[in-house]
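K.L.:
One structure, pasted below without further comment.
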Amino acid sequence: MTFSYSGGLSDFLVDMNKEKTPLHPLPILLEGSKNGVQVMIAMQYVEGESENIYSYVNNIPTPEGGTHETGFKTALTRVMNDYIKNTAFAAKEKISFEGEDYREGLTAI
């Protein structure tokens with residue numbers, strides 16, 4: 001079987017979330033490469049608490065995750081914590097969150 005979406009990974013994610021209520025209409029799409037390694041991430045927050053992360057390496061599903069998925073989770077947590085630390089409110093209140101807090105309601109591929 002071959003699965004194909006005209007809009008690529010973003011359309012695939014939209015299709016996966018079609019029964020859910022997205023918190024933002026378009027998925028966030030990140031693409032890049034370094035040292036010959038290409039990466040593409042599509043993510044969208046939806047109403048609900050569950051985390052749905054689907055990872056692939058060379059088009060092969062990796063349902064048990066792996067270093068690439070761990071790296072994604074770590075990077076997401078680091079970026080979000082850095083952003084919060086730079087807001088005036090967070091500087092006064094000394095608030096912090098765990099990685100699970102940022103992944104609540106997240107669908108990512």
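As shown in the structure tokens, the chain order sets the letters A, B, ...; within each chain, residues go from 1, and ligands are also counted from 1 in the order they appear.
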Write down as a ChimeraX atom specification the residues belonging to chain A that are assigned helix (DSSP H, G or I) by DSSP computed on the backbone.

P.N.:
/A:9-16,67-85,88-93,99-103

K.L.:
Can you list, as a list in words, every residue of segment 2-59 of chain A that DSSP puts in strand (DSSP E)?

P.N.:
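The strand (DSSP E) subset of segment 2-59 of chain A is Ile28, Leu29, Leu30, Glu31, Gly32, Ser33, Lys34, Val37, Gln38, Val39, Met40, Ile41, Ala42, Met43, Gln44, Tyr45, Asn52, Ile53, Tyr56 and Val57 of chain A.
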
K.L.:
In Å, with one decimal, what is the gap from atom CA of Asn52 of chain A to atom CA of Thr107 of chain A?

P.N.:
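Between these atoms lies a distance of 4.6 Å.
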
K.L.:
Which neighbours of Thr74 of chain A fall inside 12 Å, counting only C-alpha atoms, when residues of the same chain fewer than 5 positions from it are skipped, and could you give them as a PDB file with N, CA, C and O atoms, in the first residue's frame?

P.N.:
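Dumped everything to out_15.pdb:
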```pdb
ATOM      1  N   THR A  67      16.057   7.506  19.939  1.00  0.00           N
ATOM      2  CA  THR A  67      16.788   8.729  20.259  1.00  0.00           C
ATOM      3  C   THR A  67      16.213   9.945  19.541  1.00  0.00           C
ATOM      4  O   THR A  67      16.245  11.051  20.074  1.00  0.00           O
ATOM      5  N   HIS A  68      15.680   9.748  18.339  1.00  0.00           N
ATOM      6  CA  HIS A  68      15.087  10.872  17.614  1.00  0.00           C
ATOM      7  C   HIS A  68      13.851  11.409  18.331  1.00  0.00           C
ATOM      8  O   HIS A  68      13.631  12.611  18.408  1.00  0.00           O
ATOM      9  N   GLU A  69      13.046  10.524  18.884  1.00  0.00           N
ATOM     10  CA  GLU A  69      11.857  10.961  19.613  1.00  0.00           C
ATOM     11  C   GLU A  69      12.242  11.591  20.953  1.00  0.00           C
ATOM     12  O   GLU A  69      11.674  12.612  21.351  1.00  0.00           O
ATOM     13  N   VAL A  79      12.965  24.546  24.501  1.00  0.00           N
ATOM     14  CA  VAL A  79      12.520  25.757  23.809  1.00  0.00           C
ATOM     15  C   VAL A  79      11.385  26.424  24.582  1.00  0.00           C
ATOM     16  O   VAL A  79      11.379  27.646  24.774  1.00  0.00           O
ATOM     17  N   MET A  80      10.423  25.640  25.020  1.00  0.00           N
ATOM     18  CA  MET A  80       9.281  26.209  25.730  1.00  0.00           C
ATOM     19  C   MET A  80       9.705  26.799  27.080  1.00  0.00           C
ATOM     20  O   MET A  80       9.263  27.884  27.454  1.00  0.00           O
ATOM     21  N   ASN A  81      10.583  26.110  27.814  1.00  0.00           N
ATOM     22  CA  ASN A  81      11.057  26.638  29.091  1.00  0.00           C
ATOM     23  C   ASN A  81      11.849  27.930  28.886  1.00  0.00           C
ATOM     24  O   ASN A  81      11.705  28.875  29.660  1.00  0.00           O
ATOM     25  N   GLU A  98       7.101  20.916  33.364  1.00  0.00           N
ATOM     26  CA  GLU A  98       7.756  19.674  32.955  1.00  0.00           C
ATOM     27  C   GLU A  98       7.432  19.404  31.490  1.00  0.00           C
ATOM     28  O   GLU A  98       6.474  19.958  30.945  1.00  0.00           O
ATOM     29  N   GLY A  99       8.171  18.528  30.858  1.00  0.00           N
ATOM     30  CA  GLY A  99       7.944  18.183  29.461  1.00  0.00           C
ATOM     31  C   GLY A  99       6.551  17.671  29.192  1.00  0.00           C
ATOM     32  O   GLY A  99       5.959  17.963  28.148  1.00  0.00           O
ATOM     33  N   GLU A 100       5.983  16.924  30.127  1.00  0.00           N
ATOM     34  CA  GLU A 100       4.639  16.385  29.945  1.00  0.00           C
ATOM     35  C   GLU A 100       3.610  17.505  29.805  1.00  0.00           C
ATOM     36  O   GLU A 100       2.612  17.361  29.110  1.00  0.00           O
ATOM     37  N   TYR A 102       3.987  20.350  28.296  1.00  0.00           N
ATOM     38  CA  TYR A 102       4.026  20.895  26.935  1.00  0.00           C
ATOM     39  C   TYR A 102       3.473  19.920  25.896  1.00  0.00           C
ATOM     40  O   TYR A 102       3.075  20.330  24.815  1.00  0.00           O
ATOM     41  N   ARG A 103       3.489  18.643  26.223  1.00  0.00           N
ATOM     42  CA  ARG A 103       3.016  17.644  25.267  1.00  0.00           C
ATOM     43  C   ARG A 103       1.548  17.290  25.452  1.00  0.00           C
ATOM     44  O   ARG A 103       0.990  16.520  24.675  1.00  0.00           O
TER      45      ARG A 103
END
```

K.L.:
Work out how far apart atom CA of Pro22 of chain A and atom CA of Gly105 of chain A are and give it in Å to one decimal.

P.N.:
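Distance reported for this atom pair: 9.1 Å.
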
K.L.:
Point out the residue among A:Ser33, A:Asn58, A:Ala108, A:Leu76 with the least atom-to-atom distance to Tyr45 of chain A, counting only C-alpha atoms.

P.N.:
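Comparing A:Ser33, A:Asn58, A:Ala108, A:Leu76 against Tyr45 of chain A, the winner is A:Ala108.
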
K.L.:
Near Val14 of chain A, counting only C-alpha atoms, which residues have an atom at most 10 Å away, once you skip same-chain residues fewer than 5 positions from it, shown as a CSV table (one decimal) with all heavy atoms, in the first residue's frame?

P.N.:
```csv
chain,number,residue,atom,x,y,z
A,7,GLY,N,-0.4,17.6,0.4
A,7,GLY,CA,0.2,18.6,1.3
A,7,GLY,C,1.3,18.0,2.2
A,7,GLY,O,1.8,18.6,3.1
A,9,LEU,N,3.4,15.9,4.9
A,9,LEU,CA,3.2,15.6,6.3
A,9,LEU,C,2.2,16.4,7.0
A,9,LEU,O,1.4,15.9,7.9
A,9,LEU,CB,4.6,15.8,7.0
A,9,LEU,CG,4.8,15.0,8.4
A,9,LEU,CD1,4.6,13.6,8.2
A,9,LEU,CD2,6.2,15.3,8.9
A,19,GLU,N,-11.0,14.0,13.7
A,19,GLU,CA,-12.0,13.8,14.7
A,19,GLU,C,-11.8,14.6,15.9
A,19,GLU,O,-12.5,14.4,16.9
A,19,GLU,CB,-12.1,12.3,15.0
A,19,GLU,CG,-12.3,11.4,13.8
A,19,GLU,CD,-13.7,11.6,13.2
A,19,GLU,OE1,-14.7,11.9,13.9
A,19,GLU,OE2,-13.8,11.6,11.9
A,20,LYS,N,-10.8,15.4,16.0
A,20,LYS,CA,-10.4,16.2,17.2
A,20,LYS,C,-10.6,17.7,16.9
A,20,LYS,O,-10.8,18.1,15.8
A,20,LYS,CB,-8.9,15.9,17.5
A,20,LYS,CG,-8.7,14.5,17.8
A,20,LYS,CD,-7.2,14.2,18.0
A,20,LYS,CE,-7.0,12.7,18.2
A,20,LYS,NZ,-5.5,12.4,18.2
A,22,PRO,N,-8.8,21.1,16.9
A,22,PRO,CA,-7.5,21.7,17.0
A,22,PRO,C,-7.5,23.1,17.7
A,22,PRO,O,-8.5,23.8,17.5
A,22,PRO,CB,-7.1,21.9,15.5
A,22,PRO,CG,-8.2,21.5,14.7
A,22,PRO,CD,-9.3,21.0,15.5
A,25,PRO,N,-5.5,26.3,13.6
A,25,PRO,CA,-6.0,25.7,12.4
A,25,PRO,C,-5.0,25.0,11.5
A,25,PRO,O,-5.3,23.9,11.0
A,25,PRO,CB,-6.6,26.8,11.6
A,25,PRO,CG,-6.0,28.1,12.1
A,25,PRO,CD,-5.6,27.8,13.6
A,26,LEU,N,-3.8,25.5,11.4
A,26,LEU,CA,-2.7,24.9,10.6
A,26,LEU,C,-1.7,24.2,11.5
A,26,LEU,O,-1.2,24.8,12.5
A,26,LEU,CB,-2.1,25.9,9.7
A,26,LEU,CG,-3.1,26.6,8.7
A,26,LEU,CD1,-2.3,27.7,8.0
A,26,LEU,CD2,-3.6,25.6,7.7
A,27,PRO,N,-1.2,23.0,11.1
A,27,PRO,CA,-0.1,22.4,11.8
A,27,PRO,C,1.2,23.3,11.7
A,27,PRO,O,1.4,24.0,10.8
A,27,PRO,CB,0.1,21.1,11.1
A,27,PRO,CG,-1.1,20.8,10.3
A,27,PRO,CD,-1.7,22.2,10.0
A,42,ALA,N,5.9,17.7,11.9
A,42,ALA,CA,4.6,18.4,11.9
A,42,ALA,C,3.9,18.2,13.2
A,42,ALA,O,3.9,17.1,13.8
A,42,ALA,CB,3.7,17.8,10.8
A,43,MET,N,3.4,19.3,13.8
A,43,MET,CA,2.7,19.1,15.1
A,43,MET,C,1.6,20.1,15.2
A,43,MET,O,1.6,21.2,14.6
A,43,MET,CB,3.7,19.3,16.2
A,43,MET,CG,4.5,20.6,16.2
A,43,MET,SD,5.8,20.5,17.4
A,43,MET,CE,5.9,22.2,17.9
A,44,GLN,N,0.6,19.7,16.0
A,44,GLN,CA,-0.6,20.5,16.2
A,44,GLN,C,-1.2,20.1,17.6
A,44,GLN,O,-1.2,19.0,18.0
A,44,GLN,CB,-1.6,20.2,15.1
A,44,GLN,CG,-2.8,21.0,15.2
A,44,GLN,CD,-3.8,20.7,14.0
A,44,GLN,OE1,-4.0,19.6,13.6
A,44,GLN,NE2,-4.3,21.8,13.4
A,107,THR,N,-0.3,16.4,19.0
A,107,THR,CA,-0.2,15.4,18.1
A,107,THR,C,1.0,15.8,17.2
A,107,THR,O,1.1,16.9,16.7
A,107,THR,CB,-1.4,15.3,17.1
A,107,THR,OG1,-2.5,15.0,17.9
A,107,THR,CG2,-1.2,14.1,16.1
```

K.L.:
Smallest atom-to-atom distance to Ser10 of chain A: which of A:Ile109, A:Gly36, A:Val57, A:Arg78, using only C-alpha atoms?

P.N.:
A:Ile109

K.L.:
Hey, which of A:Gly65, A:Phe97, A:Phe89, A:Leu30 ends up closest to Thr77 of chain A? Count only C-alpha atoms.

P.N.:
A:Phe97

K.L.:
Identify which of the residues A:Lys18, A:Glu47, A:Ser96, A:Asp101 lies closest to Asp82 of chain A, counting only C-alpha atoms when measuring atom-to-atom distances.

P.N.:
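Answer, going by the shortest atom-to-atom distance: A:Ser96.
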
K.L.:
Rounded to one decimal, what separation in Å do you get between atom CA of Ile41 of chain A and atom CA of Ile28 of chain A?

P.N.:
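That distance, rounded to one decimal, is 7.9 Å.
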
K.L.:
Calculated over only C-alpha atoms, which of the candidates A:Met16, A:Glu104, A:Glu31, A:Thr21 has the smallest distance to Tyr54 of chain A?

P.N.:
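The answer is A:Met16, which sits nearest to Tyr54 of chain A.
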